[in-house]
Every structure is written in structure tokens, then in C-alpha cells.
file start_29.txt (compact mmCIF, C-alpha atoms)
# COMPACT_ATOMS: atom_id res chain seq x y z
CA MET G 1 0.00 0.00 0.00
CA ALA G 2 1.36 3.45 -0.91
CA LYS G 3 2.40 5.72 1.95
CA ILE G 4 1.92 9.45 2.34
CA LEU G 5 5.25 11.29 2.29
CA ASP G 6 5.10 13.38 5.45
CA GLN G 7 7.65 16.18 5.86
CA PRO G 8 9.53 15.90 2.53
CA ARG G 9 13.29 16.43 2.68
CA TYR G 10 14.00 16.49 -1.03
CA LYS G 11 12.31 17.65 -4.23
CA CYS G 12 11.53 16.11 -7.59
CA ALA G 13 14.24 15.40 -10.16
CA LEU G 14 13.47 18.60 -12.07
CA ALA G 15 14.70 20.54 -9.03
CA ALA G 16 18.18 19.44 -10.05
CA MET G 17 17.93 22.50 -12.29
CA GLN G 18 19.88 23.91 -9.33
CA THR G 19 22.85 21.84 -10.47
CA VAL G 20 22.76 23.70 -13.80
CA GLN G 21 22.08 26.98 -12.01
CA SER G 22 25.26 26.54 -9.94
CA ILE G 23 27.50 26.41 -13.04
CA THR G 24 28.52 29.95 -13.93
CA GLY G 25 27.16 30.78 -17.39
CA ALA G 26 24.81 27.79 -17.62
CA ILE G 27 21.03 28.06 -17.70
CA PRO G 28 18.30 25.41 -17.69
CA VAL G 29 15.57 25.44 -20.34
CA LEU G 30 12.52 23.79 -18.81
CA HIS G 31 10.06 21.68 -20.76
CA SER G 32 7.49 21.63 -18.01
CA GLY G 33 4.33 23.17 -16.73
CA PRO G 34 4.23 26.84 -15.70
CA GLY G 35 5.56 27.68 -12.26
CA CYS G 36 7.84 24.69 -11.75
CA ALA G 37 10.98 26.82 -11.49
CA SER G 38 9.56 29.21 -8.92
CA LYS G 39 7.92 26.43 -6.91
CA LEU G 40 11.12 24.37 -6.80
CA ASN G 41 13.33 27.33 -5.94
CA ASP G 42 14.01 28.21 -2.30
CA ASN G 43 16.24 30.51 -0.25
CA ASN G 44 19.53 28.93 -1.31
CA GLY G 45 20.41 31.75 -3.69
CA THR G 46 20.42 32.22 -7.46
CA SER G 47 23.22 31.59 -9.93
CA GLY G 48 24.41 35.17 -9.61
CA ARG G 49 23.43 35.75 -13.25
CA TYR G 50 19.97 34.24 -13.65
CA SER G 51 16.97 34.04 -11.38
CA PRO G 52 14.73 30.96 -11.62
CA ASN G 53 11.93 33.40 -12.40
CA ILE G 54 13.45 34.03 -15.84
CA PHE G 55 14.41 30.47 -16.76
CA PRO G 56 13.12 29.74 -20.29
CA CYS G 57 10.11 27.46 -19.96
CA THR G 58 7.61 25.98 -22.40
CA SER G 59 4.81 26.33 -19.83
CA ILE G 60 3.06 23.20 -21.08
CA SER G 61 -0.73 23.56 -21.14
CA GLU G 62 -3.71 21.43 -22.18
CA LYS G 63 -2.96 22.21 -25.84
CA GLU G 64 0.49 20.59 -25.66
CA VAL G 65 -0.91 17.63 -23.74
CA VAL G 66 -3.29 16.95 -26.64
CA PHE G 67 -1.16 17.89 -29.65
CA GLY G 68 2.39 17.50 -28.28
CA GLY G 69 4.85 20.10 -27.07
CA ALA G 70 7.85 19.54 -29.36
CA GLU G 71 7.15 22.64 -31.47
CA LYS G 72 6.79 24.83 -28.40
CA LEU G 73 10.08 23.47 -27.02
CA ARG G 74 11.76 24.16 -30.36
CA SER G 75 10.52 27.74 -30.27
CA THR G 76 11.56 28.21 -26.64
CA ILE G 77 15.13 27.02 -27.29
CA HIS G 78 15.38 29.14 -30.44
CA ASN G 79 14.34 32.31 -28.63
CA ALA G 80 16.41 31.55 -25.52
CA LEU G 81 19.55 31.33 -27.64
CA ARG G 82 18.85 34.78 -29.03
CA VAL G 83 17.86 36.72 -25.91
CA ILE G 84 19.82 35.11 -23.04
CA ASP G 85 23.56 35.63 -22.68
CA ALA G 86 24.52 32.15 -21.49
CA ASP G 87 27.42 29.84 -22.29
CA LEU G 88 25.55 26.54 -21.92
CA PHE G 89 21.86 25.71 -22.35
CA VAL G 90 20.59 22.53 -20.66
CA VAL G 91 17.10 21.36 -21.66
CA LEU G 92 15.35 19.60 -18.78
CA SER G 93 12.07 17.71 -19.00
CA GLY G 94 9.39 17.71 -16.34
CA CYS G 95 6.66 15.17 -15.74
CA THR G 96 4.12 16.37 -18.30
CA GLY G 97 6.50 16.42 -21.26
CA GLU G 98 7.71 12.92 -20.45
CA ILE G 99 4.21 11.54 -19.98
CA ILE G 100 2.99 12.82 -23.35
CA GLY G 101 6.12 11.48 -25.02
CA ASP G 102 7.88 14.61 -26.28
CA ASP G 103 11.39 13.74 -27.49
CA ILE G 104 13.60 16.46 -25.98
CA LYS G 105 16.72 14.72 -27.31
CA GLU G 106 15.56 15.05 -30.92
CA VAL G 107 14.61 18.70 -30.48
CA ALA G 108 17.81 19.65 -28.65
CA GLN G 109 19.95 17.98 -31.31
CA GLU G 110 18.46 20.27 -33.93
CA PHE G 111 20.54 23.04 -32.32
CA GLU G 112 23.86 21.18 -32.26
CA ASP G 113 25.38 23.59 -34.81
CA GLU G 114 24.59 26.68 -32.74
CA GLU G 115 27.50 28.69 -31.39
CA LYS G 116 26.33 28.09 -27.81
CA PRO G 117 25.97 24.40 -26.87
CA VAL G 118 22.51 22.98 -26.22
CA ILE G 119 22.33 19.67 -24.35
CA TRP G 120 19.48 17.78 -22.69
CA ALA G 121 18.66 15.65 -19.66
CA LYS G 122 15.46 13.86 -18.76
CA THR G 123 14.46 14.83 -15.21
CA PRO G 124 10.79 13.95 -14.64
CA GLY G 125 9.80 13.91 -11.00
CA PHE G 126 8.06 10.55 -11.25
CA LYS G 127 11.42 8.88 -12.01
CA GLY G 128 13.30 10.13 -8.98
CA ASN G 129 14.23 12.97 -6.66
CA ASN G 130 16.74 15.78 -7.13
CA TYR G 131 19.59 13.70 -5.69
CA VAL G 132 19.43 11.34 -8.68
CA GLY G 133 18.50 14.25 -10.96
CA HIS G 134 21.81 15.89 -10.04
CA ASP G 135 23.64 12.81 -11.27
CA TRP G 136 21.61 12.62 -14.50
CA ILE G 137 22.47 16.21 -15.33
CA LEU G 138 26.18 15.82 -14.66
CA LYS G 139 26.32 12.69 -16.79
CA SER G 140 24.50 14.50 -19.62
CA ILE G 141 27.01 17.35 -19.46
CA PHE G 142 29.98 14.98 -19.55
CA GLU G 143 28.42 12.79 -22.22
CA GLN G 144 27.17 15.50 -24.57
CA PHE G 145 29.23 18.64 -23.95
CA LEU G 146 32.63 16.96 -23.58
CA ASN G 147 32.02 14.96 -26.76
CA ARG G 148 31.21 17.98 -28.93
CA PRO G 149 33.61 18.09 -31.92
CA GLU G 150 35.16 21.45 -30.98
CA ILE G 151 35.77 20.31 -27.38
CA ARG G 152 37.42 17.10 -28.59
CA GLU G 153 39.60 19.14 -30.93
CA GLU G 154 40.74 21.35 -28.03
CA ARG G 155 41.78 18.26 -26.07
CA GLU G 156 43.57 16.76 -29.07
CA GLU G 157 45.45 20.00 -29.75
CA ALA G 158 46.43 20.24 -26.09
CA GLY G 159 47.73 16.67 -26.26
CA ILE G 160 49.76 17.41 -29.38
CA SER G 161 51.36 20.50 -27.87
CA THR G 162 52.12 18.98 -24.45
CA GLY G 163 52.65 15.33 -25.31
CA SER G 164 49.64 14.40 -23.17
CA SER G 165 46.17 15.86 -22.88
CA THR G 166 46.18 15.05 -19.14
CA ILE G 167 46.94 18.00 -16.87
CA LYS G 168 49.46 16.83 -14.27
CA GLY G 169 48.12 17.00 -10.73
CA LEU G 170 44.65 18.21 -11.74
CA VAL G 171 41.93 16.65 -9.59
CA ASN G 172 38.18 16.84 -10.26
CA ILE G 173 36.27 17.27 -7.00
CA PHE G 174 32.57 16.55 -6.53
CA ALA G 175 30.64 16.55 -3.25
CA GLY G 176 27.10 17.41 -2.14
CA PRO G 177 24.41 18.43 -4.68
CA PRO G 178 24.46 22.22 -5.15
CA GLN G 179 21.79 24.08 -3.19
CA GLN G 180 20.10 20.89 -1.97
CA ASP G 181 23.07 20.73 0.39
CA PRO G 182 22.99 24.11 2.19
CA TYR G 183 26.78 24.01 2.72
CA TRP G 184 27.63 22.82 -0.80
CA LEU G 185 29.67 25.85 -1.84
CA GLY G 186 31.58 26.43 1.38
CA ASN G 187 32.36 22.72 1.65
CA LEU G 188 33.68 22.62 -1.91
CA ARG G 189 35.92 25.63 -1.31
CA GLU G 190 37.31 24.09 1.91
CA ILE G 191 38.03 20.77 0.19
CA GLU G 192 39.72 22.72 -2.62
CA ASN G 193 41.91 24.41 0.00
CA LEU G 194 42.90 21.06 1.49
CA ILE G 195 43.69 19.56 -1.92
CA SER G 196 45.78 22.62 -2.84
CA ALA G 197 47.64 22.45 0.47
CA ILE G 198 48.96 18.96 -0.34
CA GLY G 199 50.28 20.03 -3.73
CA LEU G 200 47.45 19.07 -6.10
CA LYS G 201 45.33 21.28 -8.37
CA PRO G 202 41.59 21.18 -7.59
CA ASN G 203 39.12 21.35 -10.46
CA THR G 204 35.51 22.07 -9.51
CA ILE G 205 32.76 23.23 -11.84
CA PHE G 206 30.39 24.96 -9.41
CA GLY G 207 30.44 28.46 -7.99
CA PHE G 208 32.30 31.72 -8.55
CA GLY G 209 35.27 31.59 -10.92
CA ARG G 210 34.52 28.06 -12.09
CA GLY G 211 32.26 26.97 -14.92
CA ILE G 212 32.62 26.01 -18.57
CA GLU G 213 36.43 25.97 -18.76
CA ASN G 214 36.57 23.75 -15.69
CA ILE G 215 34.04 21.40 -17.29
CA LYS G 216 36.29 21.16 -20.34
CA ASN G 217 39.23 20.30 -18.08
CA ALA G 218 37.27 17.55 -16.32
CA ALA G 219 38.20 15.13 -19.12
CA ARG G 220 41.87 16.16 -18.86
CA ALA G 221 42.17 15.73 -15.08
CA GLU G 222 44.59 13.21 -13.67
CA PHE G 223 42.11 12.04 -11.02
CA THR G 224 38.51 12.46 -9.85
CA ILE G 225 37.55 12.51 -6.18
CA LEU G 226 33.87 12.00 -5.37
CA ILE G 227 33.08 12.73 -1.73
CA SER G 228 29.62 11.26 -1.35
CA PRO G 229 27.98 8.07 -0.06
CA TRP G 230 26.19 7.52 -3.38
CA VAL G 231 25.07 10.76 -5.06
CA GLY G 232 27.05 11.54 -8.21
CA LEU G 233 28.59 8.12 -8.60
CA GLU G 234 27.12 7.37 -12.03
CA SER G 235 28.50 10.55 -13.60
CA ALA G 236 31.90 10.18 -11.92
CA LYS G 237 32.16 6.62 -13.22
CA TYR G 238 31.33 7.91 -16.70
CA LEU G 239 34.39 10.18 -16.54
CA GLU G 240 36.46 7.20 -15.47
CA THR G 241 35.14 4.88 -18.20
CA LYS G 242 34.96 7.29 -21.12
CA PHE G 243 37.90 9.60 -20.46
CA LYS G 244 40.10 7.29 -18.35
CA VAL G 245 40.12 9.60 -15.33
CA PRO G 246 40.75 7.33 -12.29
CA LEU G 247 38.09 7.70 -9.61
CA LEU G 248 38.52 7.79 -5.84
CA HIS G 249 35.05 7.30 -4.40
CA TYR G 250 35.36 8.52 -0.81
CA PRO G 251 31.97 7.99 0.84
CA ILE G 252 32.44 10.19 3.91
CA LEU G 253 32.30 13.97 3.95
CA PRO G 254 35.22 14.69 6.29
CA ILE G 255 34.23 16.80 9.28
CA GLY G 256 36.75 17.44 12.05
CA ALA G 257 40.24 16.12 12.67
CA THR G 258 39.75 12.35 12.61
CA GLU G 259 37.95 12.02 9.28
CA THR G 260 39.78 14.84 7.52
CA THR G 261 43.13 13.25 8.34
CA LYS G 262 41.85 9.91 7.03
CA PHE G 263 40.64 11.65 3.89
CA LEU G 264 43.96 13.36 3.16
CA ARG G 265 45.87 10.13 3.65
CA ALA G 266 43.47 8.31 1.32
CA VAL G 267 43.98 11.03 -1.30
CA GLN G 268 47.75 10.80 -0.89
CA GLU G 269 47.74 7.04 -1.36
CA PHE G 270 45.43 7.23 -4.40
CA THR G 271 47.13 10.11 -6.21
CA GLY G 272 50.72 9.54 -5.18
CA ALA G 273 51.01 13.06 -3.75
CA ASP G 274 54.18 13.77 -1.75
CA LYS G 275 53.69 11.92 1.54
CA ASN G 276 55.98 14.24 3.48
CA VAL G 277 53.98 17.27 2.35
CA VAL G 278 50.69 15.59 3.24
CA GLU G 279 51.88 14.58 6.70
CA LYS G 280 53.20 18.09 7.32
CA VAL G 281 49.82 19.59 6.39
CA ILE G 282 48.04 17.07 8.62
CA ALA G 283 50.31 17.86 11.58
CA GLU G 284 49.76 21.60 11.18
CA LYS G 285 46.00 21.34 10.71
CA GLU G 286 45.54 18.91 13.61
CA ALA G 287 47.64 21.09 15.91
CA GLU G 288 45.46 24.09 15.10
CA PHE G 289 42.23 22.09 15.46
CA TYR G 290 43.18 20.75 18.90
CA TYR G 291 44.45 24.17 19.99
CA TYR G 292 40.90 25.46 19.71
CA ILE G 293 39.46 22.34 21.34
CA GLU G 294 41.85 22.74 24.29
CA ARG G 295 41.02 26.43 24.64
CA PHE G 296 37.35 25.59 25.16
CA ALA G 297 37.75 22.18 26.80
CA ASP G 298 36.01 23.30 30.00
CA THR G 299 32.98 24.35 27.99
CA LEU G 300 32.99 21.34 25.66
CA LEU G 301 33.22 18.86 28.53
CA GLU G 302 30.59 20.51 30.72
CA THR G 303 27.69 18.05 30.73
CA ARG G 304 25.44 20.72 32.23
CA ILE G 305 25.66 22.44 28.86
CA LEU G 306 25.42 19.46 26.53
CA GLY G 307 24.44 15.85 27.20
CA LYS G 308 26.25 12.85 25.80
CA ARG G 309 23.61 11.41 23.46
CA PHE G 310 22.37 12.60 20.09
CA THR G 311 20.43 11.67 16.97
CA VAL G 312 20.84 12.78 13.36
CA VAL G 313 17.96 13.11 10.88
CA SER G 314 19.39 13.95 7.48
CA ASP G 315 20.52 12.63 4.11
CA SER G 316 23.15 9.93 3.75
CA GLN G 317 25.98 12.46 3.53
CA TYR G 318 25.33 14.34 6.74
CA THR G 319 23.96 11.49 8.83
CA MET G 320 27.19 9.60 8.18
CA ALA G 321 29.56 12.56 8.51
CA VAL G 322 28.01 14.17 11.61
CA THR G 323 27.69 10.85 13.44
CA LYS G 324 31.35 10.05 12.88
CA PHE G 325 32.46 13.52 13.95
CA LEU G 326 30.43 13.61 17.16
CA VAL G 327 31.55 10.12 18.16
CA ASN G 328 35.16 9.99 17.00
CA ASP G 329 36.18 13.58 17.77
CA MET G 330 33.82 14.60 20.57
CA GLY G 331 33.09 11.35 22.41
CA LEU G 332 29.31 11.54 22.20
CA PHE G 333 27.03 8.52 21.85
CA PRO G 334 24.50 8.06 19.02
CA GLU G 335 20.97 6.89 19.52
CA LYS G 336 19.18 5.67 16.38
CA VAL G 337 20.07 7.86 13.38
CA PHE G 338 17.82 8.38 10.36
CA ILE G 339 18.64 8.67 6.63
CA THR G 340 16.00 10.52 4.65
CA ASP G 341 17.26 10.88 1.05
CA ASP G 342 15.70 7.65 -0.24
CA ALA G 343 19.15 6.16 -0.88
CA PRO G 344 19.05 3.29 -3.42
CA GLU G 345 18.84 -0.17 -1.91
CA ALA G 346 22.19 -1.15 -3.44
CA PHE G 347 24.02 1.36 -1.22
CA ARG G 348 22.15 0.98 2.05
CA THR G 349 24.13 -1.86 3.59
CA GLY G 350 27.43 -0.12 2.86
CA ILE G 351 26.17 3.17 4.29
CA ALA G 352 24.87 1.52 7.46
CA ASN G 353 28.12 -0.39 7.94
CA GLU G 354 30.19 2.76 7.46
CA ILE G 355 28.10 4.72 9.97
CA SER G 356 28.64 1.94 12.53
CA ASN G 357 32.39 1.90 11.87
CA LEU G 358 33.08 4.12 14.87
CA ASN G 359 35.87 4.38 17.41
CA TYR G 360 35.86 2.39 20.65
CA GLY G 361 33.43 -0.20 19.27
CA ILE G 362 30.50 2.21 19.55
CA GLN G 363 27.53 1.22 17.38
CA ALA G 364 24.83 3.35 15.76
CA GLU G 365 21.46 1.93 14.76
CA VAL G 366 20.54 3.22 11.30
CA GLN G 367 17.09 3.53 9.76
CA PHE G 368 16.38 4.49 6.14
CA THR G 369 13.02 6.24 5.98
CA THR G 370 11.18 9.15 4.38
CA ASP G 371 8.36 9.16 6.94
CA GLY G 372 8.91 12.26 9.04
CA HIS G 373 5.99 11.51 11.38
CA ASP G 374 7.41 8.09 12.23
CA ILE G 375 10.88 9.57 12.80
CA GLN G 376 9.52 12.07 15.26
CA GLU G 377 7.47 9.49 17.12
CA GLN G 378 10.56 7.32 17.53
CA ILE G 379 12.65 10.23 18.79
CA LYS G 380 9.95 11.12 21.33
CA LYS G 381 10.15 7.58 22.75
CA THR G 382 13.97 7.57 22.98
CA ASP G 383 15.66 7.91 26.37
CA PHE G 384 18.60 10.27 25.83
CA ALA G 385 19.55 10.14 29.54
CA GLY G 386 19.49 13.93 29.61
CA THR G 387 18.76 16.75 27.20
CA PRO G 388 18.58 15.35 23.64
CA LEU G 389 20.70 16.77 20.82
CA ILE G 390 18.97 16.65 17.44
CA ILE G 391 20.92 17.39 14.26
CA GLY G 392 18.53 17.62 11.33
CA SER G 393 16.42 19.89 9.18
CA ASN G 394 13.74 22.49 9.81
CA TRP G 395 11.23 19.68 10.31
CA GLU G 396 12.95 18.81 13.62
CA LYS G 397 12.70 22.34 15.04
CA LYS G 398 9.18 21.99 16.41
CA LEU G 399 9.95 18.51 17.77
CA ALA G 400 13.03 19.85 19.58
CA ALA G 401 10.96 22.58 21.21
CA GLU G 402 8.34 20.03 22.23
CA ILE G 403 10.77 17.67 23.98
CA GLY G 404 13.21 20.35 25.19
CA ALA G 405 16.06 19.23 22.93
CA HIS G 406 19.04 21.13 21.62
CA TYR G 407 18.61 21.49 17.87
CA VAL G 408 20.92 22.31 14.94
CA ASN G 409 19.83 22.48 11.31
CA VAL G 410 22.39 21.18 8.79
CA SER G 411 20.25 19.98 5.88
CA TYR G 412 17.27 20.77 3.66
CA PRO G 413 14.80 22.20 4.43
CA MET G 414 16.65 25.05 6.13
CA LEU G 415 14.35 27.99 6.79
CA GLU G 416 15.57 29.69 9.94
CA LYS G 417 19.11 30.56 8.88
CA LEU G 418 21.00 31.70 5.81
CA VAL G 419 24.15 29.96 4.61
CA ILE G 420 26.11 32.08 2.15
CA ASN G 421 29.60 30.53 2.05
CA ASP G 422 29.94 28.84 5.45
CA HIS G 423 31.20 25.26 5.64
CA ILE G 424 31.24 22.33 8.02
CA ALA G 425 33.71 20.16 6.09
CA GLY G 426 37.36 19.80 6.99
CA TYR G 427 39.21 20.67 10.18
CA SER G 428 37.79 24.19 10.40
CA GLY G 429 34.32 22.95 9.43
CA GLY G 430 34.26 20.73 12.49
CA LEU G 431 34.88 23.78 14.65
CA HIS G 432 32.10 25.64 12.85
CA LEU G 433 29.68 22.79 13.59
CA LEU G 434 30.72 22.77 17.24
CA GLU G 435 30.02 26.50 17.42
CA GLN G 436 26.49 25.86 16.20
CA ILE G 437 25.89 22.95 18.56
CA PHE G 438 27.17 24.66 21.67
CA SER G 439 25.56 27.97 20.79
CA ALA G 440 22.21 26.16 20.60
CA ALA G 441 22.87 24.52 23.97
CA MET G 442 24.22 27.62 25.71
CA SER G 443 21.27 29.70 24.55
CA LYS G 444 19.17 27.65 26.97
CA LEU G 445 21.35 28.30 30.01
CA LYS G 446 19.73 30.40 32.72
CA LEU G 447 21.63 33.13 34.51

call {"tool": "encode", "arguments": {"input": "start_29.txt", "output": "C-alpha cells"}}
result
Amino acid sequence: MAKILDQPRYKCALAAMQTVQSITGAIPVLHSGPGCASKLNDNNGTSGRYSPNIFPCTSISEKEVVFGGAEKLRSTIHNALRVIDADLFVVLSGCTGEIIGDDIKEVAQEFEDEEKPVIWAKTPGFKGNNYVGHDWILKSIFEQFLNRPEIREEREEAGISTGSSTIKGLVNIFAGPPQQDPYWLGNLREIENLISAIGLKPNTIFGFGRGIENIKNAARAEFTILISPWVGLESAKYLETKFKVPLLHYPILPIGATETTKFLRAVQEFTGADKNVVEKVIAEKEAEFYYYIERFADTLLETRILGKRFTVVSDSQYTMAVTKFLVNDMGLFPEKVFITDDAPEAFRTGIANEISNLNYGIQAEVQFTTDGHDIQEQIKKTDFAGTPLIIGSNWEKKLAAEIGAHYVNVSYPMLEKLVINDHIAGYSGGLHLLEQIFSAAMSKLKL
């Protein structure tokens, strides 16, 4: 029997238009009903160049449902190319266009000789959420844009002039889905900083100063690092298979000293980066991290401020990363933790095992669920042996107030705070997360 999805924590696949939106100079062209872009947008910012309110859209109506919408899509792409100053146009299909059978591939390919590239990706909501939609879009970009004749020629000419089209030390980096992950941009920049510190050259395609040229270089990178439990794996594997870019799939977003050190050593082993340089960076970063921990040890160890037990209600990325950080770095104990991104069955055992791979033999019970009501009922019945700590989304805010818990929002939906370029990845990101946790707890102290 079908279940009602209570308290949704993701959106439909078309919402992965935010992946396109996060590439400087790229714009989605929507073959969907009117209003999809504005309804799927939220407070996570625009591209800096285009608002979702001006995304080209076919605004499918009853007429297109009856007679087909291919001609309207053709007209929309034609006019978008002439009035919008973009470097890449990505045609995305919504539910209605897919149901009536419009062939967006055929229409988009009619514009393959245009000066500005037009590619396509099928993203109907009935086929998946925006986590998988993110992967579909990236694969379409790699598959269609990187195989355009002029892009291939650029790579071939670069190979002729240098003796190899591979750029020595260049590393593609992919992590959380842009905008669905509130900390996507800050986390990417922090991971870039870490990769640069150990002597490699980071190549990311999202955010300020990145974009089309970085996409072109993705096929010329020496390595790809995907930091994600499962999101983005299909597109990263495409780069590995088609363009022979070796892939390091690192499933844990590193937060704090323990996991970030493990991450850097894994990168060193995979890429062959200078081990002495890596160990020097680790020593310096760990020393700084623990300096701050020692400065505030009296506060961090004061159980009157914060109890010892917590739960996490988030997607695979943050449930895994936050649990490991709070246990391995801070010595807290997890009650049942919840994963809400509808992770594919093929990855669930591995995710659960990795979450339970904690220091000191500590175990975490993991539940994969999208039922927010059930999650909250279970948390209400849990004995936290003190004031609960709930790390989650805006849906947990009311629950936390009801049971007197400390509450920190790290994942979508995030309505009560604005994240511009903050991060919780890396050594410094762990400190940022601690600031949020202890600020939430200390705000409840009475004078």
C-alpha cells in the first residue's frame, strides 16, 4: 500500500535544475508546466546571473498535452539562444512532457550547430528525486558537452602540444548536490583548499570563478575525487570509463580532525602526492584544530551544557559525517540515526556499515526512511539520559521545542538561517559545527 510522504526532505528530479544553475554561465531550459521553477526554488540563492523566475520554460498547457509540445520546445530554445547571454543551455524535461512522449533529445539535437551548446537531460519527478537528478544532469554534461567536436579538438590540440592531454596533478572534485546541500559551496571551497595544500590542483565546476572551462578540463584531469555516499557516482564513473580519469570514491564527507586526516591520507595514497607534504599539512591542521578544542575544553566537557547522546535526521551524507564527527572527535554517543534521502537499496548496507564503523566499538542503529511523522514518534520515545541533541532539518525544530532538545539544522529544508559561504567540512568545518551545537545549547542556560 502506498504511503503518504510526510515532511519531505528532497524535491523532484526537475529541481536538479539547481545543479545547472550553480554552473557559472549555464542556464536550464525547462520543458514543463508553468511555475515549476519558482515552486522548486528556495532561499539557497540564485546563480548570480539568472533568477529561476526568468528560466526559459515551455509552460506546457492542455494544448500541448493533446497535440504534443515539441514545437513549443523548439521555439523556446530558439528564442532563448537569441535573448539570453549564457554559455551553456541545458534542456530539462518535467513530468508532463515525459508523460505525453515529447522527445527532448531530438529537439535539442536540432541546435547542435549553434555557437552556444545545447544539451538535454530527462528529469521527470516521477522517475526520482533531485539527488538522482543531479547525477543525471552531470552525466548528460559529460556525455554530450565533452564529446562535442570542438571540445574534442581542443583536447587533441592540447595533447599534441604537451605530449599528453592530461593536466598533471589536476583533480576533479565533486561533493554534495548544489543548493540541496545548504553548505555545498563552502564545503567545496574548503576541500579545494585542502587539496591545494597537499600540492594538487583542484578542479571544480560549481560556484564563482569556475564553470565552462573547468568542465572542459574535467576530461583532462589526472584524477577524480567523489566525496559522497552515493550521489554523483554514475556521472563520476562515466568520466572514469569514457575519459580514463581514475576515480577515488570517498563515501564520507570529512568533518573534524579524525575524518579529515583519514581523507587526506586516502587522497595521498590514491594520487601519489608527496607523503611528506601531506603529513606536514596534517600535523599543522591537527595542531590548530586541537588548539581550539583545548582552549574551550572546559565548555565542551561541561555536561550541564550538553548531554552525551544525540540523533541525526538527514541525508546519507550528513547522517554519516556528523555521526562520525560527534563520536570519534567529541566522544558523544549516538541513539538511532535516520537517513532521509531515499538512498538506493544497493548502497544501504554499505552506508549503514560505514556509519557503525566508529571508534571504541561504539555502534549506531541506522534507519532508512522518508516518513517524518514516524521519525519524530521514535525520537519522542527515545531515552537520551538527559537533554537530547537533534541534528537535522527544519522539520525537527518543532519537535526539539516540544521535547526540550538542543537542535541544529544542517540539511534541507533550512528555513531559519541563511548559509552564504559557510562550511562544516574539513578541520575548520568541524569547529564551525561545534560553534552551532554549543551555541544552541548555551542559549538555553539560565543566569

call {"tool": "closest_atom_pairs", "arguments": {"input": "start_29.txt", "of": "region 71-178 of chain G", "to": "region 12-15 of chain G", "cutoff": "6 Å", "atoms": "only C-alpha atoms", "output": "tab-separated table"}}
result
residue	atom	partner	partner_atom	distance
G:Gly94	CA	G:Leu14	CA	6.0
G:Thr123	CA	G:Leu14	CA	5.0
G:Pro124	CA	G:Ala13	CA	5.8
G:Gly125	CA	G:Cys12	CA	4.4
G:Gly128	CA	G:Ala13	CA	5.5
G:Asn129	CA	G:Cys12	CA	4.2
G:Asn130	CA	G:Ala13	CA	3.9
G:Gly133	CA	G:Ala13	CA	4.5

call {"tool": "closest_residue", "arguments": {"input": "start_29.txt", "among": "G:Pro344, G:Asn421, G:Asp383, G:Leu300", "to": "Ser439 (chain G)", "atoms": "all atoms listed in the file"}}
result
G:Leu300

call {"tool": "residues_around", "arguments": {"input": "start_29.txt", "residues": "Ser22 (chain G)", "least_positions_apart": "4", "cutoff": "7 Å", "atoms": "only C-alpha atoms", "output": "number ranges by chain"}}
result
G: 18, 47, 178, 206-207

call {"tool": "closest_atom_pairs", "arguments": {"input": "start_29.txt", "of": "region 159-209 of chain G", "to": "region 244-262 of chain G", "cutoff": "10 Å", "atoms": "all atoms listed in the file", "output": "Markdown table"}}
result
| residue | atom | partner | partner_atom | distance |
| --- | --- | --- | --- | --- |
| G:Thr166 | CA | G:Val245 | CA | 9.0 |
| G:Val171 | CA | G:Val245 | CA | 9.3 |
| G:Asn172 | CA | G:Val245 | CA | 9.0 |
| G:Ile173 | CA | G:Leu248 | CA | 9.8 |
| G:Phe174 | CA | G:His249 | CA | 9.8 |
| G:Ala175 | CA | G:Leu253 | CA | 7.8 |
| G:Gly176 | CA | G:Leu253 | CA | 8.7 |
| G:Asn187 | CA | G:Leu253 | CA | 9.0 |
| G:Ile191 | CA | G:Pro254 | CA | 9.1 |
| G:Leu194 | CA | G:Thr260 | CA | 9.2 |

call {"tool": "closest_residue", "arguments": {"input": "start_29.txt", "among": "G:Glu302, G:Glu110, G:Asp315, G:Glu190", "to": "Phe368 (chain G)", "atoms": "all atoms listed in the file"}}
result
G:Asp315

call {"tool": "residues_around", "arguments": {"input": "start_29.txt", "residues": "Gly97 (chain G)", "least_positions_apart": "3", "cutoff": "10 Å", "atoms": "only C-alpha atoms", "output": "PyMOL selection string"}}
result
chain G and resi 30-33+58+60+64-65+68-70+73+92-94+100-104+122+124

call {"tool": "atom_distance", "arguments": {"input": "start_29.txt", "atom1": "CA of His432 (chain G)", "atom2": "CA of Ser356 (chain G)"}}
result
24.0 Å

call {"tool": "residues_around", "arguments": {"input": "start_29.txt", "residues": "Lys116 (chain G)", "least_positions_apart": "5", "cutoff": "10 Å", "atoms": "only C-alpha atoms", "output": "number ranges by chain"}}
result
G: 81, 85-89, 111

call {"tool": "closest_residue", "arguments": {"input": "start_29.txt", "among": "G:Gln180, G:Leu301, G:Asn357, G:Val281", "to": "Gln317 (chain G)", "atoms": "only C-alpha atoms"}}
result
G:Gln180

call {"tool": "closest_residue", "arguments": {"input": "start_29.txt", "among": "G:Ile227, G:Ile137, G:Ala385, G:Ile351", "to": "Thr303 (chain G)", "atoms": "only C-alpha atoms"}}
result
G:Ala385

call {"tool": "closest_residue", "arguments": {"input": "start_29.txt", "among": "G:Thr19, G:Thr311, G:Thr369, G:Asn359", "to": "Ala400 (chain G)", "atoms": "all atoms listed in the file"}}
result
G:Thr311

call {"tool": "residues_around", "arguments": {"input": "start_29.txt", "residues": "Val231 (chain G)", "least_positions_apart": "4", "cutoff": "7 Å", "atoms": "all atoms listed in the file", "output": "PDB file with C-alpha atoms, in the coordinates of the input"}}
result
ATOM      1  CA  TYR G 131      19.590  13.700  -5.690  1.00  0.00           C
ATOM      2  CA  VAL G 132      19.430  11.340  -8.680  1.00  0.00           C
ATOM      3  CA  ASP G 135      23.640  12.810 -11.270  1.00  0.00           C
TER       4      ASP G 135
END

call {"tool": "atom_distance", "arguments": {"input": "start_29.txt", "atom1": "CA of Thr24 (chain G)", "atom2": "CA of Glu143 (chain G)"}}
result
19.1 Å

call {"tool": "closest_atom_pairs", "arguments": {"input": "start_29.txt", "of": "region 165-226 of chain G", "to": "region 264-272 of chain G", "cutoff": "12 Å", "atoms": "all atoms listed in the file", "output": "Markdown table"}}
result
| residue | atom | partner | partner_atom | distance |
| --- | --- | --- | --- | --- |
| G:Lys168 | CA | G:Thr271 | CA | 10.7 |
| G:Gly169 | CA | G:Thr271 | CA | 8.3 |
| G:Leu170 | CA | G:Thr271 | CA | 10.1 |
| G:Val171 | CA | G:Thr271 | CA | 9.0 |
| G:Asn172 | CA | G:Thr271 | CA | 11.9 |
| G:Ile173 | CA | G:Val267 | CA | 11.4 |
| G:Ile191 | CA | G:Leu264 | CA | 9.9 |
| G:Glu192 | CA | G:Leu264 | CA | 11.8 |
| G:Asn193 | CA | G:Leu264 | CA | 11.7 |
| G:Leu194 | CA | G:Leu264 | CA | 7.9 |
| G:Ile195 | CA | G:Leu264 | CA | 8.0 |
| G:Ser196 | CA | G:Leu264 | CA | 11.2 |
| G:Ala197 | CA | G:Leu264 | CA | 10.2 |
| G:Ile198 | CA | G:Gln268 | CA | 8.3 |
| G:Gly199 | CA | G:Gln268 | CA | 10.0 |
| G:Leu200 | CA | G:Thr271 | CA | 9.0 |
| G:Lys201 | CA | G:Thr271 | CA | 11.5 |
| G:Ala221 | CA | G:Thr271 | CA | 11.6 |
| G:Glu222 | CA | G:Thr271 | CA | 8.5 |
| G:Phe223 | CA | G:Thr271 | CA | 7.2 |
| G:Thr224 | CA | G:Thr271 | CA | 9.6 |
| G:Ile225 | CA | G:Val267 | CA | 8.2 |
| G:Leu226 | CA | G:Val267 | CA | 10.9 |
